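Novice: You'll find structure11.cif just under this line, and it carries mmCIF, C-alpha atoms (C1' of nucleotides).
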data_query
loop_
_atom_site.label_atom_id
_atom_site.label_comp_id
_atom_site.auth_asym_id
_atom_site.auth_seq_id
_atom_site.Cartn_x
_atom_site.Cartn_y
_atom_site.Cartn_z
CA MET L 159 1.85 44.69 12.70
CA PHE L 160 2.00 44.28 8.95
CA LYS L 161 3.82 46.59 6.59
CA ILE L 162 3.79 46.44 2.80
CA THR L 163 7.27 46.94 1.39
CA SER L 164 6.67 46.68 -2.33
CA GLU L 165 3.93 46.05 -4.85
CA ASP L 166 4.06 44.44 -8.24
CA ASN L 167 2.54 46.76 -10.82
CA GLU L 168 1.33 44.04 -13.15
CA THR L 169 -0.41 41.74 -10.65
CA GLY L 170 -1.82 41.99 -7.15
CA ALA L 171 1.36 40.57 -5.65
CA ARG L 172 3.12 42.45 -2.89
CA THR L 173 5.91 41.94 -0.40
CA GLY L 174 5.68 42.91 3.21
CA GLN L 175 6.84 42.36 6.73
CA LEU L 176 4.89 40.76 9.49
CA HIS L 177 6.33 42.19 12.71
CA THR L 178 5.88 39.70 15.51
CA ALA L 179 7.07 39.25 19.07
CA HIS L 180 9.67 36.89 17.66
CA GLY L 181 11.11 38.79 14.76
CA ILE L 182 10.01 39.90 11.37
CA ALA L 183 8.67 37.46 8.83
CA GLN L 184 9.03 38.55 5.22
CA THR L 185 5.91 38.03 3.14
CA PRO L 186 4.76 36.26 1.12
CA PHE L 187 5.73 33.26 3.22
CA LEU L 188 4.75 29.63 3.49
CA MET L 189 4.66 28.17 6.97
CA PRO L 190 5.75 24.58 7.39
CA VAL L 191 3.25 22.83 9.63
CA ALA L 192 4.36 21.76 13.10
CA THR L 193 1.10 20.55 14.59
CA LYS L 194 2.77 18.72 17.45
CA MET L 195 5.57 21.27 17.82
CA THR L 196 7.80 19.69 15.25
CA VAL L 197 7.98 19.95 11.51
CA LYS L 198 8.02 16.24 10.87
CA TYR L 199 11.55 14.94 10.35
CA LEU L 200 13.23 18.35 10.39
CA THR L 201 15.17 20.05 13.14
CA GLN L 202 14.66 23.62 14.23
CA THR L 203 18.22 24.39 13.16
CA GLU L 204 17.52 23.08 9.69
CA LEU L 205 14.43 25.27 9.46
CA LEU L 206 16.43 28.34 10.46
CA ASN L 207 19.14 27.51 7.95
CA MET L 208 16.54 27.30 5.21
CA GLY L 209 15.33 30.76 6.14
CA VAL L 210 12.03 29.74 7.70
CA GLU L 211 10.72 32.73 9.64
CA SER L 212 7.38 31.36 10.70
CA ILE L 213 5.79 28.01 11.40
CA ILE L 214 2.30 27.00 12.50
CA SER L 215 1.34 24.67 15.31
CA ASN L 216 -2.08 23.61 16.53
CA SER L 217 -3.46 24.78 19.84
CA MET L 218 -6.13 22.12 20.02
CA ILE L 219 -3.68 19.27 19.58
CA LEU L 220 -1.26 20.89 22.02
CA THR L 221 -4.05 21.31 24.53
CA MET L 222 -4.56 17.57 24.41
CA ALA L 223 -0.86 16.75 24.55
CA PRO L 224 1.22 17.79 26.30
CA GLY L 225 -1.32 20.29 27.65
CA VAL L 226 -1.28 24.04 28.03
CA GLU L 227 -0.10 23.93 31.64
CA HIS L 228 2.83 21.77 30.66
CA ILE L 229 3.90 24.12 27.90
CA LYS L 230 3.60 27.08 30.26
CA GLU L 231 5.74 25.27 32.81
CA MET L 232 8.33 24.63 30.12
CA GLY L 233 8.51 28.35 29.47
CA GLY L 234 6.08 28.67 26.57
CA ILE L 235 6.10 27.18 23.12
CA HIS L 236 9.15 29.06 21.84
CA LYS L 237 11.38 28.04 24.68
CA PHE L 238 10.01 24.53 24.92
CA MET L 239 10.63 23.63 21.29
CA ASN L 240 13.52 26.08 21.02
CA PHE L 241 12.32 27.99 18.00
CA ASN L 242 12.68 31.70 18.41
CA LYS L 243 10.91 32.82 15.29
CA CYS L 244 7.27 33.55 14.66
CA ILE L 245 4.83 30.80 15.61
CA PHE L 246 1.20 30.75 14.57
CA THR L 247 -1.25 28.42 16.28
CA ASP L 248 -4.30 27.12 14.55
CA SER L 249 -7.50 26.81 16.52
CA GLY L 250 -8.80 23.31 15.86
CA GLY L 251 -11.46 24.37 13.39
CA PHE L 252 -9.91 22.25 10.71
CA GLN L 253 -9.96 19.18 12.95
CA MET L 254 -13.74 19.16 12.68
CA GLN L 255 -13.04 17.46 9.36
CA SER L 256 -11.33 14.62 11.16
CA PRO L 257 -13.79 11.82 12.03
CA LYS L 258 -11.33 10.51 14.59
CA LEU L 259 -11.34 13.76 16.57
CA PHE L 260 -14.63 15.46 15.91
CA LEU L 261 -17.69 14.53 17.95
CA SER L 262 -20.29 17.26 17.78
CA ILE L 263 -20.83 20.97 17.35
CA SER L 264 -23.27 23.55 18.65
CA ASP L 265 -23.36 27.33 18.88
CA ARG L 266 -21.61 27.07 22.23
CA GLY L 267 -18.59 25.19 20.92
CA VAL L 268 -17.19 21.89 19.72
CA HIS L 269 -16.78 18.49 21.33
CA PHE L 270 -13.64 16.63 20.38
CA ARG L 271 -12.35 13.22 21.29
CA ASP L 272 -8.88 13.48 22.76
CA PRO L 273 -7.01 10.68 20.94
CA PHE L 274 -4.32 10.56 23.62
CA SER L 275 -6.55 10.10 26.66
CA GLY L 276 -9.77 9.00 25.00
CA LYS L 277 -11.61 11.69 26.94
CA LYS L 278 -14.18 14.06 25.56
CA THR L 279 -13.09 17.69 25.49
CA PHE L 280 -15.15 20.79 24.88
CA LEU L 281 -13.75 23.78 23.06
CA THR L 282 -15.37 27.18 22.98
CA PRO L 283 -14.05 30.25 21.19
CA GLU L 284 -13.16 31.66 24.61
CA ALA L 285 -11.27 28.53 25.63
CA VAL L 286 -9.35 28.49 22.36
CA MET L 287 -8.28 32.10 22.85
CA LYS L 288 -7.08 31.31 26.34
CA ASN L 289 -5.16 28.27 25.15
CA GLU L 290 -3.48 30.12 22.32
CA ILE L 291 -2.33 33.01 24.48
CA GLU L 292 -1.12 30.71 27.24
CA ILE L 293 0.79 28.55 24.80
CA GLY L 294 2.52 31.78 23.80
CA ALA L 295 1.83 31.91 20.08
CA ASP L 296 2.79 35.06 18.20
CA VAL L 297 -0.29 34.82 16.04
CA ALA L 298 -3.50 33.16 17.20
CA MET L 299 -6.18 31.99 14.81
CA CYS L 300 -9.87 32.33 15.61
CA LEU L 301 -12.00 29.25 16.08
CA ASP L 302 -14.04 28.82 12.93
CA GLN L 303 -16.39 26.27 11.51
CA MET L 304 -15.14 25.09 8.20
CA PRO L 305 -17.86 23.91 5.87
CA HIS L 306 -16.56 21.46 3.34
CA THR L 307 -16.67 22.62 -0.26
CA THR L 308 -18.49 19.43 -1.19
CA GLN L 309 -21.32 20.29 1.17
CA GLY L 310 -24.18 22.41 0.00
CA GLN L 311 -25.37 25.96 0.28
CA GLU L 312 -27.28 25.32 3.50
CA ASP L 313 -24.17 24.06 5.25
CA TRP L 314 -22.12 26.96 3.97
CA ILE L 315 -24.62 29.47 5.29
CA GLN L 316 -24.88 27.76 8.66
CA ALA L 317 -21.12 27.34 9.13
CA THR L 318 -20.37 30.86 7.99
CA LYS L 319 -22.91 32.29 10.37
CA ARG L 320 -21.42 30.36 13.26
CA THR L 321 -17.91 31.33 12.22
CA HIS L 322 -18.96 34.98 12.42
CA ALA L 323 -20.51 34.61 15.85
CA TRP L 324 -17.40 32.83 17.05
CA ALA L 325 -15.14 35.46 15.48
CA GLU L 326 -16.87 38.11 17.59
CA ARG L 327 -16.53 36.00 20.70
CA CYS L 328 -12.86 35.32 19.92
CA LYS L 329 -12.24 39.00 19.43
CA SER L 330 -13.74 40.12 22.71
CA ALA L 331 -12.32 37.21 24.69
CA HIS L 332 -8.92 37.93 23.24
CA ARG L 333 -9.09 41.60 24.13
CA LEU L 334 -9.91 40.73 27.70
CA LEU L 335 -7.16 38.12 27.93
CA GLU L 336 -4.56 40.53 26.58
CA TYR L 337 -5.63 43.03 29.22
CA ASN L 338 -5.64 40.47 32.05
CA TYR L 339 -2.32 38.91 31.09
CA GLY L 340 -0.71 42.19 30.15
CA GLU L 341 0.48 40.65 26.89
CA LYS L 342 0.18 41.44 23.23
CA GLN L 343 -0.65 38.76 20.72
CA MET L 344 -1.82 39.07 17.15
CA LEU L 345 -5.18 37.56 16.32
CA PHE L 346 -6.25 36.65 12.80
CA GLY L 347 -9.89 36.29 11.78
CA ILE L 348 -11.03 33.66 9.32
CA ALA L 349 -13.56 34.22 6.56
CA GLN L 350 -15.57 31.32 5.20
CA GLY L 351 -18.45 31.16 2.73
CA GLY L 352 -18.09 27.86 0.93
CA LEU L 353 -18.06 28.36 -2.80
CA ASP L 354 -20.82 30.92 -2.89
CA LYS L 355 -19.97 34.36 -4.21
CA LYS L 356 -22.31 36.39 -2.05
CA LEU L 357 -21.49 34.40 1.04
CA ARG L 358 -17.75 34.74 0.49
CA ILE L 359 -18.08 38.51 0.08
CA LYS L 360 -20.39 38.81 3.04
CA SER L 361 -18.03 36.78 5.20
CA ALA L 362 -15.01 38.81 4.17
CA GLU L 363 -16.91 41.99 5.00
CA PHE L 364 -17.90 40.68 8.39
CA ILE L 365 -14.39 39.58 9.31
CA GLU L 366 -12.90 42.78 7.94
CA LYS L 367 -15.20 44.87 10.09
CA LEU L 368 -13.98 43.18 13.26
CA ASN L 369 -10.56 44.64 12.57
CA PHE L 370 -8.29 41.71 13.28
CA ASP L 371 -4.52 41.91 12.99
CA GLY L 372 -4.76 39.83 9.85
CA VAL L 373 -7.39 38.10 7.78
CA ALA L 374 -7.53 34.52 6.63
CA MET L 375 -9.52 32.73 3.98
CA GLY L 376 -10.53 29.28 5.11
CA GLY L 377 -12.41 26.29 3.85
CA LEU L 378 -10.62 26.16 0.53
CA CYS L 379 -8.35 23.75 -1.27
CA LEU L 380 -10.45 20.81 -0.18
CA GLY L 381 -11.05 19.06 -3.43
CA GLU L 382 -12.98 21.77 -5.24
CA SER L 383 -11.75 22.84 -8.66
CA LYS L 384 -8.90 25.31 -8.87
CA GLU L 385 -11.24 27.62 -10.67
CA ALA L 386 -13.76 27.58 -7.83
CA MET L 387 -11.05 28.03 -5.26
CA PHE L 388 -9.46 31.05 -6.91
CA LYS L 389 -12.83 32.60 -7.55
CA ALA L 390 -13.42 32.51 -3.81
CA VAL L 391 -10.07 34.24 -3.32
CA ASP L 392 -10.99 36.79 -5.96
CA TYR L 393 -14.24 37.57 -4.16
CA GLN L 394 -12.66 38.07 -0.79
CA VAL L 395 -9.29 39.74 -1.32
CA PRO L 396 -10.70 43.07 -2.57
CA VAL L 397 -12.95 43.29 0.48
CA PHE L 398 -10.06 43.19 2.92
CA ASN L 399 -8.18 46.27 4.00
CA LYS L 400 -5.12 46.41 1.80
CA GLU L 401 -2.89 47.11 4.78
CA LYS L 402 -3.75 43.84 6.49
CA ALA L 403 -1.90 40.60 5.96
CA ARG L 404 -3.97 38.13 3.98
CA TYR L 405 -3.63 34.47 4.76
CA LEU L 406 -4.90 31.64 2.55
CA MET L 407 -5.15 28.64 4.83
CA GLY L 408 -4.01 25.21 3.74
CA VAL L 409 -2.34 26.18 0.46
CA GLY L 410 -0.18 24.65 -0.87
CA SER L 411 1.46 23.57 -3.96
CA PRO L 412 3.94 25.77 -5.82
CA GLU L 413 1.39 26.39 -8.56
CA ASP L 414 -1.34 27.40 -6.12
CA ILE L 415 1.00 29.66 -4.18
CA LEU L 416 2.09 31.50 -7.31
CA GLU L 417 -1.51 32.01 -8.35
CA ALA L 418 -2.59 33.17 -4.91
CA VAL L 419 0.37 35.52 -4.54
CA SER L 420 -0.55 37.12 -7.82
CA LYS L 421 -3.96 37.78 -6.30
CA GLY L 422 -2.44 39.50 -3.29
CA VAL L 423 -2.13 36.74 -0.70
CA ASP L 424 0.67 37.15 1.83
CA CYS L 425 0.66 34.09 4.05
CA PHE L 426 0.28 30.37 3.51
CA ASP L 427 0.56 27.22 5.52
CA SER L 428 0.53 23.75 4.14
CA ILE L 429 1.55 20.20 4.76
CA TYR L 430 2.04 19.90 1.01
CA PRO L 431 5.85 19.90 1.02
CA THR L 432 6.27 17.60 4.01
CA GLN L 433 3.44 15.17 3.36
CA ASN L 434 4.39 14.82 -0.27
CA ALA L 435 7.98 14.20 0.78
CA ARG L 436 6.84 11.30 2.96
CA HIS L 437 4.84 10.02 0.02
CA CYS L 438 7.98 10.27 -2.13
CA ASN L 439 6.61 13.06 -4.31
CA ILE L 440 9.54 15.37 -4.85
CA LEU L 441 9.20 18.99 -5.91
CA THR L 442 11.75 19.99 -8.50
CA SER L 443 12.41 22.87 -10.84
CA LYS L 444 11.12 20.66 -13.65
CA GLY L 445 8.00 19.40 -11.91
CA THR L 446 7.13 16.78 -9.36
CA ILE L 447 8.84 13.42 -9.56
CA LYS L 448 7.95 10.20 -7.75
CA ILE L 449 11.26 9.09 -6.40
CA ASP L 450 10.06 5.66 -5.28
CA ARG L 451 9.62 4.52 -8.89
CA GLY L 452 11.83 1.84 -10.32
CA LYS L 453 13.10 4.11 -13.07
CA TYR L 454 15.21 5.99 -10.52
CA ALA L 455 17.03 2.89 -9.27
CA LYS L 456 20.17 3.76 -11.20
CA ASP L 457 19.68 7.50 -11.64
CA THR L 458 22.86 9.19 -10.46
CA LYS L 459 21.44 12.71 -10.70
CA PRO L 460 20.36 14.66 -7.61
CA LEU L 461 16.65 15.04 -6.84
CA ASP L 462 16.70 18.41 -8.58
CA GLU L 463 19.61 19.40 -10.76
CA ASN L 464 18.92 23.05 -10.11
CA CYS L 465 18.71 22.76 -6.34
CA ASP L 466 21.59 23.64 -4.04
CA CYS L 467 20.17 22.08 -0.89
CA GLU L 468 22.29 19.82 1.24
CA VAL L 469 20.45 16.70 0.09
CA CYS L 470 20.83 17.51 -3.59
CA LYS L 471 24.50 18.30 -3.07
CA THR L 472 25.08 15.04 -1.21
CA TYR L 473 22.86 12.23 -2.48
CA SER L 474 21.79 10.73 -5.78
CA ARG L 475 18.26 9.71 -6.72
CA ALA L 476 19.49 6.13 -6.89
CA TYR L 477 20.75 6.20 -3.31
CA LEU L 478 17.57 7.80 -1.96
CA TYR L 479 15.55 5.26 -3.96
CA HIS L 480 17.52 2.50 -2.30
CA LEU L 481 16.81 3.88 1.17
CA ILE L 482 13.11 4.08 0.34
CA ARG L 483 13.10 0.45 -0.78
CA MET L 484 14.89 -0.54 2.40
CA LYS L 485 12.34 1.44 4.40
CA GLU L 486 15.12 3.37 6.06
CA LYS L 487 13.47 6.12 8.07
CA SER L 488 16.35 8.49 7.48
CA VAL L 489 15.22 8.99 3.91
CA LEU L 490 12.05 10.67 5.13
CA ARG L 491 14.23 13.38 6.60
CA HIS L 492 16.18 13.82 3.38
CA LEU L 493 13.06 14.05 1.25
CA SER L 494 11.32 16.38 3.72
CA TYR L 495 14.40 18.55 3.83
CA HIS L 496 14.51 18.92 0.08
CA ASN L 497 10.82 19.67 -0.33
CA VAL L 498 10.73 22.26 2.44
CA TYR L 499 13.94 23.80 1.15
CA PHE L 500 12.51 23.90 -2.34
CA THR L 501 9.35 25.70 -1.26
CA GLN L 502 11.21 28.13 0.98
CA LYS L 503 13.53 28.95 -1.93
CA LEU L 504 10.49 29.38 -4.15
CA LEU L 505 8.99 31.93 -1.77
CA GLN L 506 12.32 33.75 -1.56
CA LYS L 507 12.45 33.98 -5.35
CA ILE L 508 8.86 35.18 -5.40
CA ARG L 509 9.71 37.99 -2.96
CA VAL L 510 12.71 39.07 -5.01
CA ALA L 511 10.72 38.94 -8.22
CA ILE L 512 7.97 41.12 -6.74
CA LYS L 513 10.51 43.65 -5.49
CA GLU L 514 12.09 43.75 -8.94
CA ASN L 515 8.69 44.12 -10.55
CA ARG L 516 8.93 40.96 -12.58
CA PHE L 517 6.69 38.63 -10.65
CA LYS L 518 4.47 37.82 -13.62
CA GLU L 519 7.51 36.91 -15.64
CA TYR L 520 8.87 34.72 -12.87
CA LYS L 521 5.54 33.00 -12.39
CA ASP L 522 5.17 32.18 -16.08
CA GLU L 523 8.75 31.01 -16.24
CA PHE L 524 8.28 28.69 -13.27
CA LEU L 525 5.02 27.24 -14.54
CA SER L 526 6.36 26.59 -18.03
CA SER L 527 9.34 24.72 -16.59
CA GLN L 528 7.09 22.33 -14.65
CA THR L 529 7.05 19.53 -17.21
CA PRO L 530 8.72 16.41 -15.87
"C1'" U F 93 20.50 -44.49 1.07
"C1'" C F 94 15.63 -45.11 3.28
"C1'" C F 95 10.95 -43.13 5.44
"C1'" A F 96 7.49 -39.10 5.90
"C1'" U F 97 5.40 -34.53 4.46
"C1'" U F 98 4.80 -30.67 0.95
"C1'" G F 99 4.97 -28.60 -4.18
"C1'" U F 100 -0.60 -22.71 -6.28
"C1'" G F 101 1.46 -15.26 -8.85
"C1'" G F 102 8.20 -12.51 -6.99
"C1'" U F 103 7.15 -13.88 -1.64
"C1'" G F 104 3.59 -15.89 2.08
"C1'" U F 105 -0.93 -18.40 2.08
"C1'" A F 106 -6.66 -20.10 0.90
"C1'" U F 107 -10.17 -22.97 -1.78
"C1'" U F 108 -11.91 -26.55 -5.28
"C1'" G F 109 -13.41 -32.75 -9.90
"C1'" G F 110 -16.46 -27.49 -13.49
"C1'" U F 111 -14.84 -18.95 -13.59
"C1'" A F 112 -8.32 -20.33 -8.71
"C1'" G F 113 -9.30 -16.19 -3.83
"C1'" C F 114 -6.45 -13.19 -0.07
"C1'" A F 115 -2.15 -10.63 1.83
"C1'" U F 116 2.35 -8.49 0.62
"C1'" A F 117 5.69 -6.87 -3.00
"C1'" C F 118 5.41 -4.70 -8.03
"C1'" C F 119 3.23 -0.89 -11.88
"C1'" A F 120 0.03 3.48 -12.13
"C1'" G F 121 -3.30 7.34 -9.94
"C1'" A F 122 -5.08 10.41 -5.54
"C1'" C F 123 -3.13 13.29 -1.30
"C1'" U F 124 -2.80 21.15 0.06
"C1'" G F 125 -5.24 24.87 8.36
"C1'" U F 126 -0.36 16.60 9.08
"C1'" G F 127 -1.39 9.64 10.81
"C1'" G F 128 4.35 8.01 8.51
"C1'" A F 129 -1.46 6.43 6.95
"C1'" U F 130 -5.24 5.53 3.75
"C1'" C F 131 -7.91 5.11 -0.73
"C1'" U F 132 -8.53 3.73 -6.15
"C1'" G F 133 -7.07 1.22 -10.50
"C1'" G F 134 -3.50 -2.46 -13.16
"C1'" A F 135 -0.40 -6.56 -14.19
"C1'" G F 136 1.10 -11.37 -12.42
"C1'" G F 137 -0.05 -18.28 -10.68
"C1'" G F 138 -1.52 -24.33 -10.43
"C1'" C F 139 6.80 -28.14 -10.56
"C1'" C F 140 7.29 -31.67 -15.00
"C1'" G F 141 5.29 -36.06 -17.56
"C1'" G F 142 1.66 -40.10 -17.97
"C1'" G F 143 -3.31 -42.23 -16.35
"C1'" U F 144 -8.78 -42.03 -14.88
"C1'" U F 145 -12.77 -38.46 -16.43
"C1'" C F 146 -17.08 -34.94 -20.73
"C1'" A F 147 -13.78 -32.00 -17.52
"C1'" A F 148 -7.72 -32.56 -13.26
"C1'" U F 149 -4.76 -27.40 -9.78
"C1'" U F 150 -7.80 -31.11 -7.16
"C1'" C F 151 -7.97 -38.27 -7.77
"C1'" U F 152 -3.88 -41.66 -9.32
"C1'" C F 153 1.23 -43.27 -10.99
"C1'" G F 154 6.19 -41.79 -12.10
"C1'" G F 155 9.98 -37.99 -12.18
"C1'" C F 156 12.12 -33.72 -10.05
"C1'" A F 157 12.57 -30.35 -5.92
"C1'" A F 158 12.13 -28.64 -0.86
"C1'" U F 159 11.66 -29.60 4.36
"C1'" G F 160 11.82 -32.94 8.53
"C1'" G F 161 13.37 -37.65 10.49
"C1'" A F 162 16.29 -42.31 10.42
"C1'" C F 163 21.02 -44.53 8.97
#
Please, can you express the file's structure as structure tokens?
Specialist:
Amino acid sequence: MFKITSEDNETGARTGQLHTAHGIAQTPFLMPVATKMTVKYLTQTELLNMGVESIISNSMILTMAPGVEHIKEMGGIHKFMNFNKCIFTDSGGFQMQSPKLFLSISDRGVHFRDPFSGKKTFLTPEAVMKNEIEIGADVAMCLDQMPHTTQGQEDWIQATKRTHAWAERCKSAHRLLEYNYGEKQMLFGIAQGGLDKKLRIKSAEFIEKLNFDGVAMGGLCLGESKEAMFKAVDYQVPVFNKEKARYLMGVGSPEDILEAVSKGVDCFDSIYPTQNARHCNILTSKGTIKIDRGKYAKDTKPLDENCDCEVCKTYSRAYLYHLIRMKEKSVLRHLSYHNVYFTQKLLQKIRVAIKENRFKEYKDEFLSSQTP
RNA sequence: UCCAUUGUGGUGUAUUGGUAGCAUACCAGACUGUGGAUCUGGAGGGCCGGGUUCAAUUCUCGGCAAUGGAC
């Protein structure tokens, strides 16, 4: 269940609560990605201490390893990984972009190569729904076909059409599974449409009509221009029922999140903070810095002078730079910690700003300070 | 002290009597429903001195240095 708790009167931003089987997640939120049941380099305790209320894993990857049966035997995903907050699971739709995993697709489903066993596996919308409910996710995502933004109109039409057919199949399979298992689980639909206005609107309408527990916008932030991406969001958001949680998949960067929130988006997931941390790109209140550069070798300041995270309170840029040069793995944890902390803090500030009706002001203030 | 071998970017290595390649490290970009990876640019070199030659990093002589061996 989703409940709006406040609305900004200058922008489309709003705060809300996503009520799940494992607590309430305050929106807008950004989910750290835990594809293999771990947010790379961070502990569950650290996530809780940062105020993370929801993470996202990946049912397709988990189906391959360690397997759905195994997770069930271990008491479900929450117990197994010992994270008692909200957990989303993605469907595997995005993995069709991975040449290493993706084999072929038809209306029936998708063939993937299991990288752990080398075997061919076949995923249908029905199978994905079963996997997600058996894993024990709080929020399941529909299986979609994600056309790449660099593909053309024909591909967008084709993929969107298939996404719609699969959304219907997911919906009815899910209803039946809930009945058979006697369990409740939220299910989010995903709208596609490439970069085409009509197709985006049509897709949003189709997904909206199926009355999911939440609606997602997929297939964006894949190299298209920011302008094109936010246009797609602009087309789709007004189509969705205002009372439903809106989820922009794969976003993102602080800038993108602020923009999307102002357009009324409630949920995000992204590897941006963690992957950039591993690549030594550090998010700070003054913009992104590349901490592996020689100019930080003797910099005694913390990563971000305005950050009160454990890493910033403890270590200097110079020390972290040294660990990077020495290829000490521990530094990946420190950098990941800071970046995730930074983004979680950002979302907290966004929520407060919306509640105090000064989101626009906060957004402008943040963006103007991003000049490293 | 003698003998042998070898001296090419910071490091490790190719090739060649006629434009000196590669890897890594370095500098700079990219990265948004996770490969830590990968990709794309950039800068950087013939131990020193003589000889042969139109031309030497290459052939030759000497010096210096390194490594191995002998005493």
Novice: If the PyMOL selection byres ((chain L) within 10 of (chain F)) is run on the structure shown, which residues does it catch, given as a PyMOL selection string?
Specialist: chain L and resi 191-194+197-198+214-216+247-253+299+304+375-381+406-411+414+426-434+436-437+451-452+487+490
Novice: Please produce an output containing C-alpha atoms for each residue in the selection, written as a tab-separated table (two decimals), in the coordinates of the input.
Specialist:
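Listed below is the output, result_13.tsv:
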chain	number	residue	atom	x	y	z
L	191	VAL	CA	3.25	22.83	9.63
L	192	ALA	CA	4.36	21.76	13.10
L	193	THR	CA	1.10	20.55	14.59
L	194	LYS	CA	2.77	18.72	17.45
L	197	VAL	CA	7.98	19.95	11.51
L	198	LYS	CA	8.02	16.24	10.87
L	214	ILE	CA	2.30	27.00	12.50
L	215	SER	CA	1.34	24.67	15.31
L	216	ASN	CA	-2.08	23.61	16.53
L	247	THR	CA	-1.25	28.42	16.28
L	248	ASP	CA	-4.30	27.12	14.55
L	249	SER	CA	-7.50	26.81	16.52
L	250	GLY	CA	-8.80	23.31	15.86
L	251	GLY	CA	-11.46	24.37	13.39
L	252	PHE	CA	-9.91	22.25	10.71
L	253	GLN	CA	-9.96	19.18	12.95
L	299	MET	CA	-6.18	31.99	14.81
L	304	MET	CA	-15.14	25.09	8.20
L	375	MET	CA	-9.52	32.73	3.98
L	376	GLY	CA	-10.53	29.28	5.11
L	377	GLY	CA	-12.41	26.29	3.85
L	378	LEU	CA	-10.62	26.16	0.53
L	379	CYS	CA	-8.35	23.75	-1.27
L	380	LEU	CA	-10.45	20.81	-0.18
L	381	GLY	CA	-11.05	19.06	-3.43
L	406	LEU	CA	-4.90	31.64	2.55
L	407	MET	CA	-5.15	28.64	4.83
L	408	GLY	CA	-4.01	25.21	3.74
L	409	VAL	CA	-2.34	26.18	0.46
L	410	GLY	CA	-0.18	24.65	-0.87
L	411	SER	CA	1.46	23.57	-3.96
L	414	ASP	CA	-1.34	27.40	-6.12
L	426	PHE	CA	0.28	30.37	3.51
L	427	ASP	CA	0.56	27.22	5.52
L	428	SER	CA	0.53	23.75	4.14
L	429	ILE	CA	1.55	20.20	4.76
L	430	TYR	CA	2.04	19.90	1.01
L	431	PRO	CA	5.85	19.90	1.02
L	432	THR	CA	6.27	17.60	4.01
L	433	GLN	CA	3.44	15.17	3.36
L	434	ASN	CA	4.39	14.82	-0.27
L	436	ARG	CA	6.84	11.30	2.96
L	437	HIS	CA	4.84	10.02	0.02
L	451	ARG	CA	9.62	4.52	-8.89
L	452	GLY	CA	11.83	1.84	-10.32
L	487	LYS	CA	13.47	6.12	8.07
L	490	LEU	CA	12.05	10.67	5.13
Novice: Just give me the gap between CA of Ala403 in chain L and CA of Cys244 in chain L in Å, one decimal is fine.
Specialist: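 Atom-to-atom, CA of Ala403 in chain L and CA of Cys244 in chain L are spaced 14.5 Å apart.
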Novice: Which one is closest to Gln394 in chain L: L:Ile315, L:Ala362, L:Ala179, L:Cys425? Count all atoms listed in the file.
Specialist: L:Ala362
Novice: Residues within 12 Å of U159 in chain F, please, as a PyMOL selection string. Count only C-alpha atoms (C1' of nucleotides); anything in the same chain fewer than 3 positions from it doesn't count.
Specialist: chain F and resi 96-99
Novice: Go ahead and find all residues with at least one atom no further than 10 Å from (19.1, -43.1, 5.7) in the file's coordinates, using all atoms listed in the file; report them as a PyMOL selection string.
Specialist: chain F and resi 93-95+161-163
Novice: Some atoms are absent from range 431-440 of chain L, so rebuild N, CA and C atoms and return them as a compact mmCIF listing (two decimals), in the coordinates of the input.
Specialist:
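Contents of selection.txt, as written:
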# COMPACT_ATOMS: atom_id res chain seq x y z
N PRO L 431 4.45 20.31 1.23
CA PRO L 431 5.85 19.90 1.02
C PRO L 431 6.25 18.70 1.87
N THR L 432 5.83 18.68 3.12
CA THR L 432 6.27 17.60 4.01
C THR L 432 5.50 16.30 3.77
N GLN L 433 4.20 16.40 3.59
CA GLN L 433 3.44 15.17 3.36
C GLN L 433 3.82 14.53 2.03
N ASN L 434 3.99 15.37 1.02
CA ASN L 434 4.39 14.82 -0.27
C ASN L 434 5.78 14.20 -0.19
N ALA L 435 6.64 14.78 0.61
CA ALA L 435 7.98 14.20 0.78
C ALA L 435 7.84 12.79 1.34
N ARG L 436 7.02 12.62 2.35
CA ARG L 436 6.84 11.30 2.96
C ARG L 436 6.20 10.33 1.98
N HIS L 437 5.45 10.87 1.03
CA HIS L 437 4.84 10.02 0.02
C HIS L 437 5.73 9.92 -1.22
N CYS L 438 6.96 10.38 -1.08
CA CYS L 438 7.98 10.27 -2.13
C CYS L 438 7.69 11.11 -3.36
N ASN L 439 6.85 12.12 -3.21
CA ASN L 439 6.61 13.06 -4.31
C ASN L 439 7.55 14.25 -4.11
N ILE L 440 8.48 14.39 -5.03
CA ILE L 440 9.54 15.37 -4.85
C ILE L 440 9.34 16.57 -5.76
